[in-house]
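Colleague: Just dropping this structure here.
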Amino acid sequence: MKAVVLAGGKGTRLRPMTCDTPKPLATVCGKPILEYIFDLLIRSGVREACVTLGYLSQCIEQRYPDGVYGPLRLAFSDEPSALGTAGSDKKAAGDWTEPFIVVSGDAMCDFELDKIAEYHRSVGADVTVAAYRVDDPREFGLIEKDGDGRIRRFLEKPSWGQATTDLANTGIYILDPSCLNEIPDDTPYDFAQQLFPQMLRKDRAMYCYQAEGYWCDVGDVPAYLRCQRDLLQGKIRFPLKKAQDGVYVQDIMPVGDYTIVPPVYIGSRAQIGNGAVIGPYTVLESGVTVGAKARVRGSVLHSRAQAGFGASMQDAVLCCGARLLERASMFERSVAGSDSVIGARASVRQNVRIWPEKSVDSGTVVREDVRFGVKHPDYFGGNGVDENVELTSQMCVSLGSAVGSIPACRKTGVGHDGSSFAKALTRALEAGILSAGGHVWSFGECFEAQLSYATAFCGLSIGIFIRGGERPQIRICGDGGLPAPRYLEREIETRMRQGEYNRCLPQSVRDVADMRSILLMYGRELMKQAPMGLSGTEVCVQCADPQISLLMEDILLRLGYLRSRSLIFRISSDGFRAQAVTENQTVPHEKLLAVCCADAFREGLDVALAYDAPLALDTLAAQYGRTVHRYLSAPTDDSDAAARRLSAKQIFLRDGLYLCVRVLRIIKQRNMTLDALCEEIPDFYLERKTFSVSFSPSKLHDLFGAGQDADASVREGISLKRDKGRLLITPDRNGKSLHVLAEAANMETAAEMCSGFERLLSELEQQQGE
């Protein structure tokens with residue numbers, strides 16, 4: 001027998017999955033529904049099929065360019081305008097002379113079609129309709145038949161009061177070619193609504209065959225998820241490759257320390273991070289990435305989709321190339337369309353749909369569908385590339401081309417953490433810089449504080465550091481190794497969005513300059529922080545980055561220290577911050593900073609600090625008749641140029657390693673313990689929090705800055721005076737969150753100030769919503 005496969009539907013209830021993919025190509029465990037139907041036809045002995053096309057017809061034709069699927073020969077019947085199910089069938093099979101099968105290309109089914117065909121022949125039917133018993137008949141077209149199987153009536157999605165049968169019309173028919181004469185030419189005509197009632201009125205021989213096996217009309221998202229689950233549970237008679245009980249693997253199991261809760265399907269080239277939990281009833285198609293500590297349950301991730309670090313999915317769908325970023329979550333029956341981006345810590349609630357290529361801001365709670373708007377990415381946030389931007393080789397080439405095209409950045413310092421991923425991105429970045437005619441000064445494998453030092457030492461206008469691992473980052477610094485000014489970020493963003501890059505002639509492309517020797521200078525300068533040595537000083541250093549641990553161990557050995565846990569320095573993995581643990585207390589980074597500032601004040605020096613350094617240091621400076629100069633995190637002009645020039649000479653105030661050695665020098669010079677040095681510093685405590693906001697940060701001045709408690713001298717963010725301290729409120733560079741710093745004389749007051757601001761912010765959010 002031949003077959004007509006109806007594949008022209010739009011699948012509107014499956015959107016956004018079907019916005020750019022025809023419904024028959026929607027995948028179940030990595031394979032299009034249409035191909036399960038093809039397999040079913042082949043299994044039933046069919047060797048020739050005509051596929052009717054309509055919506056996104058080119059997608060189906062391009063998938064089978066040779067017109068074959070295994071032993072099944074394929075023809076295609078495209079419809080410029082919709083002809084309905086019966087009209088499509090006549091156009092496809094108008095010249096056939098033998099009974100043929102009609103089957104839907106977007107419903108999962110494992111019926112034995114050859115038995116239905118045999119029944120059709122045995123009863124001498126003009127039409128045989130395959131029927132299937134369903135639990136809730138209200139959602140289906142129903143069939144009433146007599147004891148001989150002859151159809152008496154069709155009921156289209158009746159109420160419970162009318163549902164006198166549970167036999168659903170599956171859309172699978174065996175048709176005698178004479179039936180096609182009942183269908184008008186080139187006119188929209190439907191099987192269930194028009195052709196079959198007409199044939200009943202003419203008393204044509206219409207029979208019902210009650211099929212056994214599996215059938216699912218994949219008409220909406222719940223049915224789509226249920227179909228995946230049924231296939232994983234073995235309810236459908238289609239084989240899946242199995243690696244171990246309940247785990248179906250297309251290729252090989254991804255490497256890593258993660259947990260699988262069967263049943264689960266894992267496609268080729270899938271990657272799973274350490275600590276992730278996958279399953280049960282989860283499908284990871286080819287090229288999917290699931291980040292460390294992510295939780296994915298009952299969900300489907302289409303090819304190239306990404307669930308980031310700590311992300312969570314429950315009975316949701318992430319379409320091709322879509323990204324669910326760090327700690328973001330998707331709940332039951334939510335769908336993110338192809339190439340969409342769900343920002344970090346965002347939450348997509350039940351039944352919400354995100355259309356293709358749309359983005360959801362970080363921290364946003366999405367309760368309604370996101371269909372409209374154009375996606376213009378903000379490339380920068382914090383001190384580098386925004387966390388919502390996918391770090392790929394293509395993106396790095398674009399970034400490098402933009403940087404290399406800016407005259408002030410023709411010499412760019414580049415470093416990486418030594419991981420394979422960071423090396424790959426670094427090569428792409430360097431290629432972009434060189435292709436635009438720029439110079440690359442490569443500092444090789446290092447840590448971020450070293451890159452900042454090297455940028456300042458070499459007098460470069462820009463330095464770029466790439467971190468790999470489970471949470472990749474690209475960090476950017478400007479003159480003096482300090483945060484890059486906003487006008488530089490804007491020029492890079494503009495060039496990346498508009499594709500405005502210089503192009504260098506092949507003969508003019510330069511080689512990468514190997515500048516790794518500069519890192520030796522970092523170690524030598526670090527030793528100079530204690531010019532008289534540290535003989536007899538007892539200390540221990542801890543850091544998650546082995547580069548920093550080994551470097552500090554080497555420097556301290558040369559300086560003559562004694563290894564002891566009576567004083568422990570803990571340095572951040574980027575090398576910028578440190579804290580100390582004595583036998584009596586934990587000394588935070590800001591207190592260590594204060595100890596070094598006090599020493600500089602005693603020597604008659606001013607200091608340069610970041611804009612968010614404690615105000616208590618200004619008070620301390622005043623006691624010595626000195627001044628604290630502050631540089632901004634994202635200056636729009638050169639108003640902080642003097643502070644930046646001074647900071648370039650005081651690396652110990654912005655580098656955690658230099659800070660530790662400097663503190664040890666002060667301990668030895670003054671013959672005092674760190675606890676005793678801290679006693680000389682006025683008490684102050686800091687509490688830092690970040691809050692996502694739905695309103696524009698431009699409203700901050702109207703909301704907070706016009707009051708009497710606002711400090712008009714602050715040039716970045718808004719500083720609010722309180723009875724027992726102050727609050728510094730600063731928008732993130734991407735404008736989607738607020739960083740709040742509370743400073744007070746004790747820890748409890750600082751924490752209460754932050755909590756009070758959180759309550760005030762919640763009230764303002766409600767007012768803005770109203």
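Ligands are numbered from 1 in the order shown, chains are lettered A, B, ... in the order of the structure tokens, and residues start at 1 in each chain.
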Near segment 220-232 of chain A, within 8 Å and counting only C-alpha atoms, which residues show up once chain neighbours fewer than 6 positions away are dropped, as a PyMOL selection string?
Modeller: chain A and resi 13-14+28-29+108+238+246+263-265+281-283+298-300+315+333
Colleague: DSSP on the backbone, then: every residue of segment 353-558 of chain A marked strand (DSSP E), written as a PyMOL selection string.
Modeller: chain A and resi 353-354+359-360+365-366+380-381+384-385+411-416+439-445+462-467+473-477+513-514+538-543
Colleague: Mind dumping the selected residues with C-alpha atoms as a PDB file, in the first residue's frame?
Modeller:
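In the end it all went to selection.pdb:
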ATOM      1  CA  ARG A 353       5.960  30.927  26.970  1.00  0.00           C
ATOM      2  CA  ILE A 354       8.989  32.888  25.806  1.00  0.00           C
ATOM      3  CA  SER A 359      15.330  37.682  26.413  1.00  0.00           C
ATOM      4  CA  VAL A 360      14.291  37.837  30.043  1.00  0.00           C
ATOM      5  CA  VAL A 365       9.795  36.821  37.652  1.00  0.00           C
ATOM      6  CA  VAL A 366       7.873  36.142  34.419  1.00  0.00           C
ATOM      7  CA  PHE A 380      28.785  44.664  29.711  1.00  0.00           C
ATOM      8  CA  GLY A 381      27.855  44.243  33.361  1.00  0.00           C
ATOM      9  CA  GLY A 384      33.349  42.701  32.186  1.00  0.00           C
ATOM     10  CA  VAL A 385      31.072  40.903  29.772  1.00  0.00           C
ATOM     11  CA  LYS A 411      47.633  47.459  22.136  1.00  0.00           C
ATOM     12  CA  THR A 412      45.569  45.023  24.204  1.00  0.00           C
ATOM     13  CA  GLY A 413      46.795  42.904  27.094  1.00  0.00           C
ATOM     14  CA  VAL A 414      45.305  39.405  27.208  1.00  0.00           C
ATOM     15  CA  GLY A 415      45.501  36.716  29.895  1.00  0.00           C
ATOM     16  CA  HIS A 416      43.632  33.554  30.874  1.00  0.00           C
ATOM     17  CA  HIS A 439      48.500  44.426  18.744  1.00  0.00           C
ATOM     18  CA  VAL A 440      48.106  41.559  21.214  1.00  0.00           C
ATOM     19  CA  TRP A 441      50.315  41.537  24.278  1.00  0.00           C
ATOM     20  CA  SER A 442      49.839  38.036  25.640  1.00  0.00           C
ATOM     21  CA  PHE A 443      50.499  37.505  29.345  1.00  0.00           C
ATOM     22  CA  GLY A 444      49.525  33.844  29.033  1.00  0.00           C
ATOM     23  CA  GLU A 445      48.306  31.880  32.022  1.00  0.00           C
ATOM     24  CA  ILE A 462      42.827  47.872  28.079  1.00  0.00           C
ATOM     25  CA  GLY A 463      43.403  44.407  29.494  1.00  0.00           C
ATOM     26  CA  ILE A 464      41.147  41.380  29.011  1.00  0.00           C
ATOM     27  CA  PHE A 465      41.131  38.335  31.284  1.00  0.00           C
ATOM     28  CA  ILE A 466      39.283  35.122  30.402  1.00  0.00           C
ATOM     29  CA  ARG A 467      38.243  32.625  33.052  1.00  0.00           C
ATOM     30  CA  GLN A 473      33.812  35.011  32.597  1.00  0.00           C
ATOM     31  CA  ILE A 474      35.490  37.729  30.574  1.00  0.00           C
ATOM     32  CA  ARG A 475      36.771  40.608  32.718  1.00  0.00           C
ATOM     33  CA  ILE A 476      38.009  43.905  31.312  1.00  0.00           C
ATOM     34  CA  CYS A 477      40.190  46.566  32.898  1.00  0.00           C
ATOM     35  CA  ALA A 513      53.705  39.444  21.439  1.00  0.00           C
ATOM     36  CA  ASP A 514      54.768  37.039  24.216  1.00  0.00           C
ATOM     37  CA  GLU A 538      54.186  33.140  61.381  1.00  0.00           C
ATOM     38  CA  VAL A 539      51.498  32.856  58.726  1.00  0.00           C
ATOM     39  CA  CYS A 540      49.640  30.493  56.394  1.00  0.00           C
ATOM     40  CA  VAL A 541      48.027  31.358  53.042  1.00  0.00           C
ATOM     41  CA  GLN A 542      44.983  29.663  51.519  1.00  0.00           C
ATOM     42  CA  CYS A 543      43.452  30.167  48.068  1.00  0.00           C
TER      43      CYS A 543
END
Colleague: Give the answer as one residue: which of A:Ile174, A:Leu195, A:Ile555, A:Cys19 has the shortest atom-to-atom distance to Phe154 of chain A, using only C-alpha atoms?
Modeller: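 Of A:Ile174, A:Leu195, A:Ile555, A:Cys19, the one nearest Phe154 of chain A, counting only C-alpha atoms, is A:Leu195.
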Colleague: Based on DSSP run over this structure's backbone, return all residues of segment 541-729 of chain A in alpha helix (DSSP H), as an NGL selection string.
Modeller: :A and (546-559 or 589-602 or 616-623 or 641-647 or 656-670 or 674-679 or 700)
Colleague: For Val51 of chain A, find every residue with an atom within 7 Å (counting only C-alpha atoms), except residues of its own chain fewer than 3 positions away, and show them as a count of residues only.
Modeller: 7
